[in-house]
$ cat my_file27.cif   # mmCIF, C-alpha atoms
data_structure
loop_
_atom_site.label_atom_id
_atom_site.label_comp_id
_atom_site.auth_asym_id
_atom_site.auth_seq_id
_atom_site.Cartn_x
_atom_site.Cartn_y
_atom_site.Cartn_z
CA MET M 1 124.74 131.74 -206.45
CA LYS M 2 127.88 133.72 -205.58
CA ASP M 3 130.50 132.80 -203.00
CA LYS M 4 128.54 131.94 -199.87
CA LYS M 5 130.75 134.16 -197.74
CA GLY M 6 130.45 137.12 -200.10
CA LEU M 7 127.81 138.93 -198.09
CA LEU M 8 129.72 138.35 -194.86
CA SER M 9 132.79 140.09 -196.23
CA GLN M 10 130.60 142.85 -197.67
CA ALA M 11 128.94 143.33 -194.29
CA LEU M 12 132.34 143.41 -192.57
CA ALA M 13 133.42 146.12 -195.02
CA ILE M 14 130.60 148.40 -193.78
CA GLN M 15 131.08 147.56 -190.08
CA ASP M 16 132.22 151.10 -189.26
CA GLU M 17 129.06 152.49 -190.86
CA LEU M 18 126.93 150.05 -188.88
CA VAL M 19 128.56 151.18 -185.64
CA GLN M 20 128.08 154.81 -186.57
CA ASP M 21 124.39 154.26 -187.29
CA ARG M 22 123.85 152.30 -184.09
CA ARG M 23 125.54 154.96 -181.97
CA TYR M 24 123.60 157.79 -183.58
CA LEU M 25 120.36 155.95 -182.89
CA HIS M 26 121.49 155.15 -179.34
CA GLU M 27 122.08 158.85 -178.73
CA HIS M 28 118.61 159.75 -180.02
CA PRO M 29 116.14 157.22 -178.57
CA GLU M 30 112.40 157.78 -178.77
CA LEU M 31 109.48 156.13 -176.99
CA SER M 32 106.77 154.02 -178.61
CA PHE M 33 104.71 155.82 -181.26
CA GLN M 34 106.97 158.86 -180.83
CA GLU M 35 109.81 157.72 -183.10
CA PHE M 36 109.57 160.70 -185.48
CA GLU M 37 113.30 161.48 -185.74
CA THR M 38 114.19 157.79 -185.94
CA SER M 39 111.68 157.27 -188.73
CA ALA M 40 112.98 160.30 -190.63
CA PHE M 41 116.56 159.00 -190.30
CA VAL M 42 115.54 155.59 -191.65
CA GLU M 43 113.44 157.05 -194.47
CA LYS M 44 116.28 159.28 -195.66
CA ARG M 45 118.72 156.38 -195.71
CA LEU M 46 116.41 153.97 -197.54
CA THR M 47 115.36 156.58 -200.09
CA SER M 48 119.01 157.27 -200.87
CA LEU M 49 119.49 153.54 -201.51
CA GLY M 50 116.72 153.53 -204.13
CA TYR M 51 113.90 152.09 -202.05
CA SER M 52 110.32 153.23 -202.56
CA VAL M 53 109.15 154.42 -199.15
CA LYS M 54 105.67 154.63 -197.64
CA SER M 55 105.89 156.59 -194.40
CA GLY M 56 103.46 157.58 -191.69
CA LEU M 57 102.19 154.02 -191.22
CA ALA M 58 100.95 153.33 -187.69
CA LYS M 59 101.91 156.94 -186.97
CA THR M 60 105.71 156.61 -187.16
CA GLY M 61 106.32 153.39 -189.08
CA LEU M 62 107.24 152.89 -192.72
CA THR M 63 107.81 150.32 -195.41
CA ALA M 64 110.45 150.52 -198.12
CA ASP M 65 110.38 148.32 -201.23
CA ILE M 66 112.93 147.59 -203.90
CA GLY M 67 112.54 145.44 -206.99
CA LYS M 68 110.18 145.75 -209.95
CA GLY M 69 108.85 142.22 -209.91
CA LYS M 70 105.22 141.52 -209.14
CA GLY M 71 105.96 138.08 -207.75
CA SER M 72 107.05 137.10 -204.27
CA CYS M 73 108.04 139.64 -201.64
CA VAL M 74 110.29 139.02 -198.63
CA ALA M 75 110.23 141.40 -195.66
CA ILE M 76 112.93 142.26 -193.13
CA ARG M 77 111.46 143.79 -190.00
CA ALA M 78 113.12 146.07 -187.43
CA ASP M 79 111.62 147.84 -184.42
CA LEU M 80 112.20 151.55 -183.80
CA ASP M 81 111.30 152.34 -180.19
CA ALA M 82 113.26 152.73 -176.96
CA LEU M 83 112.38 152.44 -173.27
CA PRO M 84 111.61 154.96 -170.49
CA ILE M 85 114.93 154.42 -168.69
CA GLU M 86 117.54 157.00 -167.73
CA GLU M 87 120.99 156.00 -168.99
CA PRO M 88 123.63 156.72 -166.31
CA SER M 89 126.70 155.68 -168.24
CA ASP M 90 129.61 157.89 -169.25
CA ARG M 91 129.82 156.38 -172.73
CA SER M 92 130.43 158.89 -175.51
CA TYR M 93 127.27 157.72 -177.25
CA ARG M 94 124.96 157.78 -174.22
CA SER M 95 121.36 158.89 -174.70
CA LYS M 96 120.81 162.61 -175.18
CA ASN M 97 117.09 162.30 -174.47
CA HIS M 98 116.40 162.53 -170.74
CA GLY M 99 114.69 159.46 -169.33
CA VAL M 100 114.76 157.51 -172.62
CA MET M 101 117.24 154.78 -173.57
CA HIS M 102 117.74 152.03 -176.12
CA ALA M 103 117.96 149.47 -173.32
CA CYS M 104 116.88 146.47 -175.39
CA GLY M 105 118.94 146.78 -178.56
CA HIS M 106 116.45 148.14 -181.08
CA ASP M 107 119.14 150.60 -182.21
CA ALA M 108 121.20 147.59 -183.28
CA HIS M 109 118.20 146.02 -185.04
CA ILE M 110 117.72 149.18 -187.11
CA ALA M 111 121.42 149.40 -187.95
CA CYS M 112 121.52 145.77 -189.11
CA ALA M 113 118.35 146.14 -191.18
CA LEU M 114 119.73 149.25 -192.86
CA GLY M 115 122.99 147.42 -193.50
CA ALA M 116 121.14 144.51 -195.09
CA ALA M 117 119.12 146.96 -197.17
CA LYS M 118 122.35 148.50 -198.46
CA LEU M 119 123.90 145.16 -199.38
CA LEU M 120 120.77 143.95 -201.14
CA ALA M 121 120.26 147.21 -203.01
CA ALA M 122 123.79 146.92 -204.38
CA ASP M 123 123.03 143.37 -205.52
CA VAL M 124 119.47 143.98 -206.62
CA LYS M 125 119.92 142.52 -210.11
CA GLU M 126 120.60 139.06 -208.71
CA SER M 127 118.62 139.01 -205.50
CA VAL M 128 115.39 140.74 -206.48
CA ASP M 129 114.65 141.76 -210.07
CA HIS M 130 116.26 138.70 -211.63
CA TYR M 131 113.75 136.51 -209.84
CA GLY M 132 110.76 138.75 -210.35
CA GLY M 133 110.49 139.44 -206.64
CA ARG M 134 110.64 142.33 -204.23
CA LEU M 135 112.32 143.10 -200.93
CA ARG M 136 110.53 145.09 -198.24
CA LEU M 137 112.03 146.76 -195.20
CA LEU M 138 109.32 146.94 -192.54
CA MET M 139 110.32 149.51 -189.93
CA GLN M 140 107.88 149.22 -187.06
CA PRO M 141 107.14 151.52 -184.14
CA ALA M 142 106.14 150.52 -180.62
CA GLU M 143 107.28 146.97 -180.06
CA GLU M 144 107.84 147.74 -176.40
CA SER M 145 104.50 149.34 -175.60
CA ALA M 146 100.93 149.91 -176.72
CA ASP M 147 98.71 152.87 -177.52
CA ASP M 148 95.68 154.05 -175.56
CA GLU M 149 93.67 151.14 -176.96
CA GLY M 150 96.22 148.58 -175.79
CA ILE M 151 97.52 147.85 -179.30
CA SER M 152 101.24 147.70 -180.13
CA GLY M 153 103.07 148.58 -183.31
CA ALA M 154 102.80 145.30 -185.22
CA PRO M 155 98.97 145.12 -185.30
CA ARG M 156 98.87 148.81 -186.22
CA MET M 157 101.28 148.17 -189.09
CA LEU M 158 99.08 145.28 -190.23
CA GLU M 159 96.06 147.59 -190.21
CA ALA M 160 98.05 149.96 -192.43
CA GLY M 161 98.73 147.20 -194.98
CA ALA M 162 102.43 146.82 -194.22
CA LEU M 163 102.32 143.09 -194.89
CA ASP M 164 100.22 143.25 -198.06
CA GLY M 165 101.81 141.09 -200.76
CA VAL M 166 104.55 139.77 -198.47
CA SER M 167 105.26 136.04 -198.68
CA ASN M 168 107.83 135.57 -195.88
CA ILE M 169 109.20 137.73 -193.06
CA ILE M 170 112.41 137.58 -191.04
CA GLY M 171 113.67 139.52 -188.05
CA MET M 172 116.33 139.50 -185.33
CA HIS M 173 116.95 140.40 -181.73
CA VAL M 174 120.28 140.99 -180.06
CA ASP M 175 120.89 138.74 -177.06
CA SER M 176 123.23 139.86 -174.28
CA GLY M 177 123.25 136.32 -172.91
CA LEU M 178 124.77 134.94 -176.11
CA ALA M 179 128.45 135.38 -176.95
CA VAL M 180 129.54 137.57 -179.84
CA GLY M 181 129.97 135.54 -183.01
CA LYS M 182 127.16 133.16 -182.07
CA LEU M 183 123.69 133.06 -183.53
CA GLY M 184 120.68 131.41 -181.88
CA ILE M 185 117.89 129.88 -183.92
CA ALA M 186 115.20 127.22 -183.51
CA PRO M 187 111.99 126.11 -185.21
CA GLY M 188 108.65 126.30 -183.44
CA PRO M 189 107.95 128.41 -180.32
CA VAL M 190 110.91 130.65 -179.49
CA MET M 191 109.28 133.34 -177.34
CA ALA M 192 106.29 133.39 -175.06
CA SER M 193 102.88 134.93 -175.07
CA ALA M 194 102.74 137.79 -172.57
CA ASP M 195 99.54 138.81 -170.79
CA GLN M 196 99.00 141.43 -168.10
CA PHE M 197 96.64 141.40 -165.16
CA VAL M 198 95.64 143.84 -162.45
CA VAL M 199 93.96 142.77 -159.19
CA THR M 200 92.35 145.55 -157.16
CA ILE M 201 91.63 144.36 -153.60
CA GLU M 202 89.18 146.31 -151.43
CA GLY M 203 89.14 145.83 -147.67
CA LYS M 204 88.37 148.10 -144.73
CA GLY M 205 91.04 150.41 -143.39
CA GLY M 206 91.71 151.61 -139.89
CA HIS M 207 94.23 152.02 -137.08
CA GLY M 208 97.15 149.64 -136.95
CA ALA M 209 96.46 149.00 -133.26
CA PHE M 210 93.00 147.58 -133.97
CA PRO M 211 93.27 145.08 -136.84
CA GLU M 212 90.24 143.19 -135.56
CA LYS M 213 88.08 146.14 -136.57
CA CYS M 214 89.47 146.13 -140.11
CA ILE M 215 89.72 144.00 -143.24
CA ASP M 216 93.43 144.31 -144.00
CA ALA M 217 93.93 144.53 -147.75
CA VAL M 218 97.72 144.11 -147.36
CA VAL M 219 97.34 140.79 -145.54
CA ILE M 220 94.85 139.61 -148.16
CA ALA M 221 97.25 140.67 -150.92
CA ALA M 222 100.07 138.70 -149.29
CA HIS M 223 97.97 135.53 -149.34
CA VAL M 224 96.89 136.17 -152.94
CA ILE M 225 100.48 136.68 -154.10
CA GLN M 226 101.60 133.45 -152.46
CA ALA M 227 98.68 131.56 -153.98
CA ILE M 228 99.32 132.98 -157.45
CA GLN M 229 102.97 131.89 -157.20
CA THR M 230 101.84 128.28 -156.72
CA ILE M 231 99.84 128.22 -159.98
CA VAL M 232 102.88 127.33 -162.10
CA SER M 233 104.39 124.93 -159.55
CA ARG M 234 101.14 123.12 -158.69
CA ARG M 235 98.62 123.68 -161.47
CA ILE M 236 100.76 123.62 -164.64
CA PRO M 237 102.58 120.48 -165.92
CA ALA M 238 106.27 120.64 -165.14
CA GLN M 239 107.24 120.14 -168.79
CA GLU M 240 105.36 123.28 -169.83
CA PRO M 241 107.46 126.48 -169.54
CA ALA M 242 105.47 129.23 -167.84
CA VAL M 243 106.01 132.08 -165.42
CA ILE M 244 103.81 134.47 -163.44
CA THR M 245 105.36 137.59 -161.95
CA ILE M 246 103.78 140.17 -159.65
CA GLY M 247 105.78 143.23 -160.61
CA SER M 248 103.99 145.92 -158.63
CA ILE M 249 102.16 146.29 -155.30
CA GLU M 250 100.43 149.57 -154.47
CA SER M 251 98.82 150.15 -151.08
CA SER M 252 96.44 152.95 -150.16
CA SER M 253 98.50 153.41 -146.98
CA THR M 254 102.02 154.77 -146.84
CA ARG M 255 102.24 154.73 -143.04
CA CYS M 256 103.22 151.93 -140.67
CA ASN M 257 100.21 152.49 -138.38
CA ILE M 258 97.46 152.73 -141.01
CA ILE M 259 95.82 149.53 -142.19
CA SER M 260 95.20 149.74 -145.93
CA ASP M 261 91.70 149.62 -147.27
CA SER M 262 92.90 148.80 -150.79
CA VAL M 263 95.83 147.23 -152.64
CA ILE M 264 96.55 147.01 -156.37
CA LEU M 265 98.61 144.11 -157.72
CA ARG M 266 100.02 144.21 -161.26
CA GLY M 267 101.50 141.15 -162.91
CA THR M 268 102.47 139.36 -166.09
CA ALA M 269 101.78 135.77 -167.17
CA ARG M 270 103.86 134.08 -169.86
CA SER M 271 103.85 130.69 -171.54
CA LEU M 272 104.73 128.91 -174.79
CA ASN M 273 101.47 127.00 -175.19
CA PRO M 274 98.08 128.61 -175.98
CA ILE M 275 96.30 125.98 -173.87
CA ILE M 276 98.52 126.75 -170.87
CA ARG M 277 98.04 130.45 -171.53
CA ASN M 278 94.28 130.08 -171.09
CA LYS M 279 94.67 127.78 -168.08
CA ILE M 280 96.83 130.34 -166.27
CA ARG M 281 94.16 132.96 -166.79
CA GLU M 282 91.50 130.68 -165.32
CA GLU M 283 93.69 129.79 -162.36
CA ILE M 284 94.30 133.46 -161.58
CA LYS M 285 90.53 133.95 -161.59
CA ASN M 286 90.12 130.99 -159.25
CA THR M 287 92.80 132.29 -156.90
CA CYS M 288 91.10 135.67 -156.54
CA VAL M 289 88.12 133.96 -154.89
CA LEU M 290 90.42 133.78 -151.86
CA ILE M 291 89.91 137.53 -151.45
CA GLU M 292 86.22 137.10 -150.78
CA ALA M 293 86.92 134.24 -148.38
CA MET M 294 89.01 136.66 -146.32
CA GLY M 295 86.28 139.29 -146.24
CA GLY M 296 87.37 141.56 -149.08
CA THR M 297 86.11 142.32 -152.55
CA TYR M 298 88.06 142.58 -155.76
CA ASN M 299 88.19 143.48 -159.42
CA LEU M 300 90.33 141.48 -161.86
CA TYR M 301 91.39 143.04 -165.15
CA PHE M 302 93.13 140.76 -167.63
CA GLU M 303 94.66 142.02 -170.88
CA LYS M 304 95.86 139.62 -173.56
CA GLY M 305 99.26 140.61 -174.86
CA TYR M 306 101.50 139.30 -177.62
CA PRO M 307 100.95 135.76 -178.92
CA VAL M 308 103.63 133.07 -178.85
CA THR M 309 106.42 133.74 -181.35
CA VAL M 310 106.50 130.62 -183.56
CA ASN M 311 109.21 130.10 -186.19
CA ASP M 312 108.12 128.37 -189.39
CA PRO M 313 110.24 125.19 -189.81
CA GLY M 314 110.87 125.73 -193.54
CA ILE M 315 111.96 129.37 -193.20
CA THR M 316 114.01 128.49 -190.13
CA ASN M 317 115.86 125.80 -192.06
CA ILE M 318 116.75 128.24 -194.83
CA MET M 319 117.92 130.82 -192.30
CA ARG M 320 119.93 128.23 -190.37
CA GLU M 321 121.68 127.04 -193.55
CA ALA M 322 122.46 130.63 -194.49
CA ALA M 323 123.99 131.26 -191.06
CA ILE M 324 126.00 128.02 -191.14
CA ASP M 325 127.43 128.87 -194.57
CA LEU M 326 128.41 132.33 -193.31
CA ILE M 327 129.87 131.60 -189.86
CA GLY M 328 130.16 127.83 -189.51
CA GLU M 329 127.94 125.25 -187.85
CA GLU M 330 129.77 125.52 -184.53
CA ASN M 331 128.59 129.11 -184.19
CA VAL M 332 124.92 128.46 -184.93
CA ILE M 333 123.22 127.47 -181.68
CA THR M 334 119.88 125.71 -181.35
CA LEU M 335 118.50 128.06 -178.75
CA GLU M 336 116.00 127.08 -176.09
CA ALA M 337 112.77 129.08 -176.09
CA LYS M 338 112.75 132.27 -174.02
CA LEU M 339 109.93 133.70 -171.95
CA TRP M 340 110.53 137.09 -173.49
CA ALA M 341 107.72 138.26 -175.75
CA GLU M 342 107.72 139.93 -179.16
CA ASP M 343 104.96 141.42 -181.29
CA PHE M 344 106.78 139.99 -184.33
CA SER M 345 104.48 137.08 -183.48
CA TYR M 346 101.52 138.91 -185.02
CA TYR M 347 103.20 138.78 -188.44
CA GLN M 348 103.94 135.07 -188.04
CA GLU M 349 100.28 134.38 -187.39
CA LEU M 350 99.62 135.48 -190.99
CA ILE M 351 102.67 134.40 -193.01
CA PRO M 352 105.68 132.10 -192.50
CA GLY M 353 108.55 133.79 -190.72
CA CYS M 354 111.66 133.31 -188.62
CA PHE M 355 113.06 135.33 -185.73
CA ILE M 356 116.68 134.84 -184.69
CA PHE M 357 118.97 135.93 -181.85
CA VAL M 358 122.36 137.53 -182.47
CA GLY M 359 124.97 137.27 -179.71
CA VAL M 360 126.12 140.63 -178.33
CA GLY M 361 127.33 139.56 -174.87
CA GLN M 362 130.10 141.64 -173.32
CA THR M 363 132.81 140.09 -171.17
CA ASP M 364 133.16 142.79 -168.50
CA VAL M 365 129.82 142.67 -166.65
CA PRO M 366 126.40 141.22 -167.42
CA ARG M 367 124.37 143.63 -169.55
CA ILE M 368 120.74 142.93 -168.75
CA HIS M 369 118.03 143.82 -171.25
CA HIS M 370 115.64 146.53 -170.02
CA SER M 371 118.17 147.77 -167.47
CA ALA M 372 120.13 151.02 -167.27
CA ASN M 373 123.47 149.22 -167.72
CA PHE M 374 122.47 147.54 -170.99
CA ASP M 375 124.93 147.72 -173.87
CA ILE M 376 126.14 145.47 -176.66
CA ASP M 377 129.40 144.34 -178.19
CA GLU M 378 129.18 146.11 -181.54
CA ASN M 379 131.36 143.49 -183.23
CA SER M 380 128.10 141.61 -183.73
CA LEU M 381 126.56 144.17 -186.08
CA TYR M 382 128.09 142.95 -189.34
CA LEU M 383 127.01 139.39 -188.51
CA GLY M 384 123.36 140.37 -187.98
CA THR M 385 123.49 142.35 -191.22
CA ALA M 386 124.97 139.49 -193.24
CA VAL M 387 122.54 136.85 -191.96
CA LEU M 388 119.50 139.03 -192.69
CA ALA M 389 120.75 139.84 -196.19
CA GLU M 390 121.80 136.29 -197.09
CA THR M 391 118.54 134.82 -195.80
CA ALA M 392 116.45 137.34 -197.75
CA LYS M 393 118.31 136.42 -200.94
CA ARG M 394 117.83 132.71 -200.38
CA LEU M 395 114.15 133.14 -199.63
CA LEU M 396 113.68 135.01 -202.91
CA HIS M 397 115.53 132.21 -204.73
CA HIS M 398 113.37 129.62 -202.95
CA LEU M 399 110.08 131.37 -203.68
CA ALA M 400 111.03 131.86 -207.32
CA SER M 401 112.00 128.23 -207.81
CA ALA M 402 108.80 127.10 -206.07
CA GLY M 403 106.82 128.91 -208.71
#
$ encode --input "my_file27.cif" --output "structure tokens"
Amino acid sequence: MKDKKGLLSQALAIQDELVQDRRYLHEHPELSFQEFETSAFVEKRLTSLGYSVKSGLAKTGLTADIGKGKGSCVAIRADLDALPIEEPSDRSYRSKNHGVMHACGHDAHIACALGAAKLLAADVKESVDHYGGRLRLLMQPAEESADDEGISGAPRMLEAGALDGVSNIIGMHVDSGLAVGKLGIAPGPVMASADQFVVTIEGKGGHGAFPEKCIDAVVIAAHVIQAIQTIVSRRIPAQEPAVITIGSIESSSTRCNIISDSVILRGTARSLNPIIRNKIREEIKNTCVLIEAMGGTYNLYFEKGYPVTVNDPGITNIMREAAIDLIGEENVITLEAKLWAEDFSYYQELIPGCFIFVGVGQTDVPRIHHSANFDIDENSLYLGTAVLAETAKRLLHHLASAG
């Protein structure tokens, strides 16, 4: 194998290109399953690098392969979509698409994946063909949202055969809570399952001066919210990470003197353990019985979201060693699991994979993911690129030596 820091210096040499790509993508964000321009940009770049591209997968996704070997295949995945957020900043590279913003860092993920693709294409003789393997770039739409059937980009890419023949898969996410130059990695569960629920409460409306003649859906909703918030604190073991959030309350009344006849609650439930995931669902069902006890009726809709993101120990060890050799052990952090969620988890249910976090934290003000002030320190881009490329090479070596 070549100098272990070779790919790091190569990635640093294309840092300006990585920044340029990231800023172009930041200026042209597109929502889930609408990433047509983003996909075209990616396809043009990968084709020019010599990759064989299959486009139009899951509507706007694509795969790009390099290497003539029929043996093992390693995939690098990046997500293409942005969020429905208006960017208020005065940055020169602010979004040009009204009401759409790369507020989670997918623009950086694409830039790093394209950078890794460039480095590996230049070194294809050693890293791919020499070992009879192949490299696949898996560029996925709609990580942030789902289609009309409630299905996100990863399952749709699986339906399109994007993982066919792939042995291992790796991916990354920028992390604004982690300092630049640091990389977070851990085996086992690293991100939560994420389910959604909607509780529609029906009461009996009327005049605010005569509550005794009504069944106040707002009062019922208040009790239900409080009860739901005790599920984690009183029904789930303290050592099990879990969270339930009611993110939206909609009342049929918008006036102070009208008692609502209906309220809609929308929430999310997240955990790192499939058993706890199912228990939370049952406890929410049990809590809703309170509505009937207070004289109302209800409908509970529960939608299972992304599974737990679980890093394979063997792949994680290879990726950790690659990162340590590139940036030093002191910069590779064993990260605690997050209650974020990622549909990368669907790939890991089928093949071994590892998902890492690249520090992009800025020192001026906190840059919160999924907020209008989100941004990254772009000095992280070459690091994400180098770690993806070096890990892909080592996985191909490992798979080849394993026979």
$ closest_residue --input "my_file27.cif" --among "M:Ala389, M:Pro274, M:Ala82, M:Arg281" --to "Gly6 (chain M)" --atoms "only C-alpha atoms"
M:Ala389
$ resolve_selection --input "my_file27.cif" --expression "the PyMOL selection byres ((chain M and resi 48-51) around 9)" --output "PyMOL selection string"
chain M and resi 43-47+52-53+64-67+117-118+121-122+136-137
$ resolve_selection --input "my_file27.cif" --expression "the PyMOL selection byres ((chain M and resi 319-334) around 7)" --output "PyMOL selection string"
chain M and resi 4-5+8+181-186+315-318+335-336+387+390-391
$ resolve_selection --input "my_file27.cif" --expression "the PyMOL selection byres ((chain M and resi 76) around 7)" --output "JSON list (two decimals) with C-alpha atoms, keeping the file's coordinate frame"
[["chain", "number", "residue", "atom", "x", "y", "z"],
["M", 74, "VAL", "CA", 110.29, 139.02, -198.63],
["M", 75, "ALA", "CA", 110.23, 141.40, -195.66],
["M", 77, "ARG", "CA", 111.46, 143.79, -190.00],
["M", 78, "ALA", "CA", 113.12, 146.07, -187.43],
["M", 113, "ALA", "CA", 118.35, 146.14, -191.18],
["M", 136, "ARG", "CA", 110.53, 145.09, -198.24],
["M", 137, "LEU", "CA", 112.03, 146.76, -195.20],
["M", 138, "LEU", "CA", 109.32, 146.94, -192.54],
["M", 169, "ILE", "CA", 109.20, 137.73, -193.06],
["M", 170, "ILE", "CA", 112.41, 137.58, -191.04],
["M", 171, "GLY", "CA", 113.67, 139.52, -188.05]]
$ closest_residue --input "my_file27.cif" --among "M:Gly314, M:Pro211, M:Gly61, M:Gly71" --to "Ala160 (chain M)" --atoms "only C-alpha atoms"
M:Gly61
$ closest_residue --input "my_file27.cif" --among "M:Phe41, M:Phe36, M:Phe197, M:Tyr24" --to "Asn299 (chain M)" --atoms "only C-alpha atoms"
M:Phe197
$ atom_distance --input "my_file27.cif" --atom1 "CA of Val174 (chain M)" --atom2 "CA of Asp123 (chain M)"
25.7 Å
$ closest_residue --input "my_file27.cif" --among "M:Met139, M:Ile231, M:Leu7, M:Ala209" --to "Ser55 (chain M)" --atoms "all atoms listed in the file"
M:Met139
$ atom_distance --input "my_file27.cif" --atom1 "CA of Leu18 (chain M)" --atom2 "CA of Val100 (chain M)"
21.6 Å
$ closest_residue --input "my_file27.cif" --among "M:Ala162, M:Leu265, M:Ile246, M:Met191" --to "Phe355 (chain M)" --atoms "all atoms listed in the file"
M:Met191
$ atom_distance --input "my_file27.cif" --atom1 "CA of Ser252 (chain M)" --atom2 "CA of Cys288 (chain M)"
19.2 Å
$ closest_residue --input "my_file27.cif" --among "M:Asn286, M:Gln362, M:Thr297, M:Ser39" --to "Ser262 (chain M)" --atoms "all atoms listed in the file"
M:Thr297
$ residues_near_point --input "my_file27.cif" --point "(105.9, 131.0, -190.8)" --cutoff "12 Å" --atoms "only C-alpha atoms" --output "PyMOL selection string"
chain M and resi 166-171+187-189+309-318+344-355
$ write_last_selection --input "my_file27.cif" --atoms "C-alpha atoms" --output "PDB file, in the coordinates of the input"
ATOM      1  CA  VAL M 166     104.550 139.770-198.470  1.00  0.00           C
ATOM      2  CA  SER M 167     105.260 136.040-198.680  1.00  0.00           C
ATOM      3  CA  ASN M 168     107.830 135.570-195.880  1.00  0.00           C
ATOM      4  CA  ILE M 169     109.200 137.730-193.060  1.00  0.00           C
ATOM      5  CA  ILE M 170     112.410 137.580-191.040  1.00  0.00           C
ATOM      6  CA  GLY M 171     113.670 139.520-188.050  1.00  0.00           C
ATOM      7  CA  PRO M 187     111.990 126.110-185.210  1.00  0.00           C
ATOM      8  CA  GLY M 188     108.650 126.300-183.440  1.00  0.00           C
ATOM      9  CA  PRO M 189     107.950 128.410-180.320  1.00  0.00           C
ATOM     10  CA  THR M 309     106.420 133.740-181.350  1.00  0.00           C
ATOM     11  CA  VAL M 310     106.500 130.620-183.560  1.00  0.00           C
ATOM     12  CA  ASN M 311     109.210 130.100-186.190  1.00  0.00           C
ATOM     13  CA  ASP M 312     108.120 128.370-189.390  1.00  0.00           C
ATOM     14  CA  PRO M 313     110.240 125.190-189.810  1.00  0.00           C
ATOM     15  CA  GLY M 314     110.870 125.730-193.540  1.00  0.00           C
ATOM     16  CA  ILE M 315     111.960 129.370-193.200  1.00  0.00           C
ATOM     17  CA  THR M 316     114.010 128.490-190.130  1.00  0.00           C
ATOM     18  CA  ASN M 317     115.860 125.800-192.060  1.00  0.00           C
ATOM     19  CA  ILE M 318     116.750 128.240-194.830  1.00  0.00           C
ATOM     20  CA  PHE M 344     106.780 139.990-184.330  1.00  0.00           C
ATOM     21  CA  SER M 345     104.480 137.080-183.480  1.00  0.00           C
ATOM     22  CA  TYR M 346     101.520 138.910-185.020  1.00  0.00           C
ATOM     23  CA  TYR M 347     103.200 138.780-188.440  1.00  0.00           C
ATOM     24  CA  GLN M 348     103.940 135.070-188.040  1.00  0.00           C
ATOM     25  CA  GLU M 349     100.280 134.380-187.390  1.00  0.00           C
ATOM     26  CA  LEU M 350      99.620 135.480-190.990  1.00  0.00           C
ATOM     27  CA  ILE M 351     102.670 134.400-193.010  1.00  0.00           C
ATOM     28  CA  PRO M 352     105.680 132.100-192.500  1.00  0.00           C
ATOM     29  CA  GLY M 353     108.550 133.790-190.720  1.00  0.00           C
ATOM     30  CA  CYS M 354     111.660 133.310-188.620  1.00  0.00           C
ATOM     31  CA  PHE M 355     113.060 135.330-185.730  1.00  0.00           C
TER      32      PHE M 355
END
$ residues_around --input "my_file27.cif" --residues "Gln34 (chain M)" --least-positions-apart "4" --cutoff "8 Å" --atoms "only C-alpha atoms" --output "list of chain:residue names"
M:Glu30, M:Thr60, M:Asp81
$ build_atoms --input "my_file27.cif" --residues "region 151-161 of chain M" --atoms "N, CA and C atoms" --output "PDB file, in the frame of the given file"
ATOM      1  N   ILE M 151      97.046 148.504-178.081  1.00  0.00           N
ATOM      2  CA  ILE M 151      97.520 147.850-179.300  1.00  0.00           C
ATOM      3  C   ILE M 151      98.944 148.320-179.608  1.00  0.00           C
ATOM      4  N   SER M 152      99.833 147.382-179.856  1.00  0.00           N
ATOM      5  CA  SER M 152     101.240 147.700-180.130  1.00  0.00           C
ATOM      6  C   SER M 152     101.464 147.980-181.615  1.00  0.00           C
ATOM      7  N   GLY M 153     102.731 148.149-181.963  1.00  0.00           N
ATOM      8  CA  GLY M 153     103.070 148.580-183.310  1.00  0.00           C
ATOM      9  C   GLY M 153     102.768 147.578-184.411  1.00  0.00           C
ATOM     10  N   ALA M 154     102.996 146.291-184.162  1.00  0.00           N
ATOM     11  CA  ALA M 154     102.800 145.300-185.220  1.00  0.00           C
ATOM     12  C   ALA M 154     101.349 145.237-185.700  1.00  0.00           C
ATOM     13  N   PRO M 155     100.357 145.112-184.815  1.00  0.00           N
ATOM     14  CA  PRO M 155      98.970 145.120-185.300  1.00  0.00           C
ATOM     15  C   PRO M 155      98.601 146.421-186.014  1.00  0.00           C
ATOM     16  N   ARG M 156      99.155 147.527-185.552  1.00  0.00           N
ATOM     17  CA  ARG M 156      98.870 148.810-186.220  1.00  0.00           C
ATOM     18  C   ARG M 156      99.488 148.833-187.622  1.00  0.00           C
ATOM     19  N   MET M 157     100.675 148.257-187.767  1.00  0.00           N
ATOM     20  CA  MET M 157     101.280 148.170-189.090  1.00  0.00           C
ATOM     21  C   MET M 157     100.477 147.245-190.000  1.00  0.00           C
ATOM     22  N   LEU M 158      99.932 146.173-189.443  1.00  0.00           N
ATOM     23  CA  LEU M 158      99.080 145.280-190.230  1.00  0.00           C
ATOM     24  C   LEU M 158      97.829 146.004-190.702  1.00  0.00           C
ATOM     25  N   GLU M 159      97.233 146.801-189.828  1.00  0.00           N
ATOM     26  CA  GLU M 159      96.060 147.590-190.210  1.00  0.00           C
ATOM     27  C   GLU M 159      96.377 148.544-191.358  1.00  0.00           C
ATOM     28  N   ALA M 160      97.626 149.020-191.396  1.00  0.00           N
ATOM     29  CA  ALA M 160      98.050 149.960-192.430  1.00  0.00           C
ATOM     30  C   ALA M 160      98.481 149.270-193.720  1.00  0.00           C
ATOM     31  N   GLY M 161      98.398 147.934-193.755  1.00  0.00           N
ATOM     32  CA  GLY M 161      98.730 147.200-194.980  1.00  0.00           C
ATOM     33  C   GLY M 161     100.205 146.922-195.162  1.00  0.00           C
TER      34      GLY M 161
END
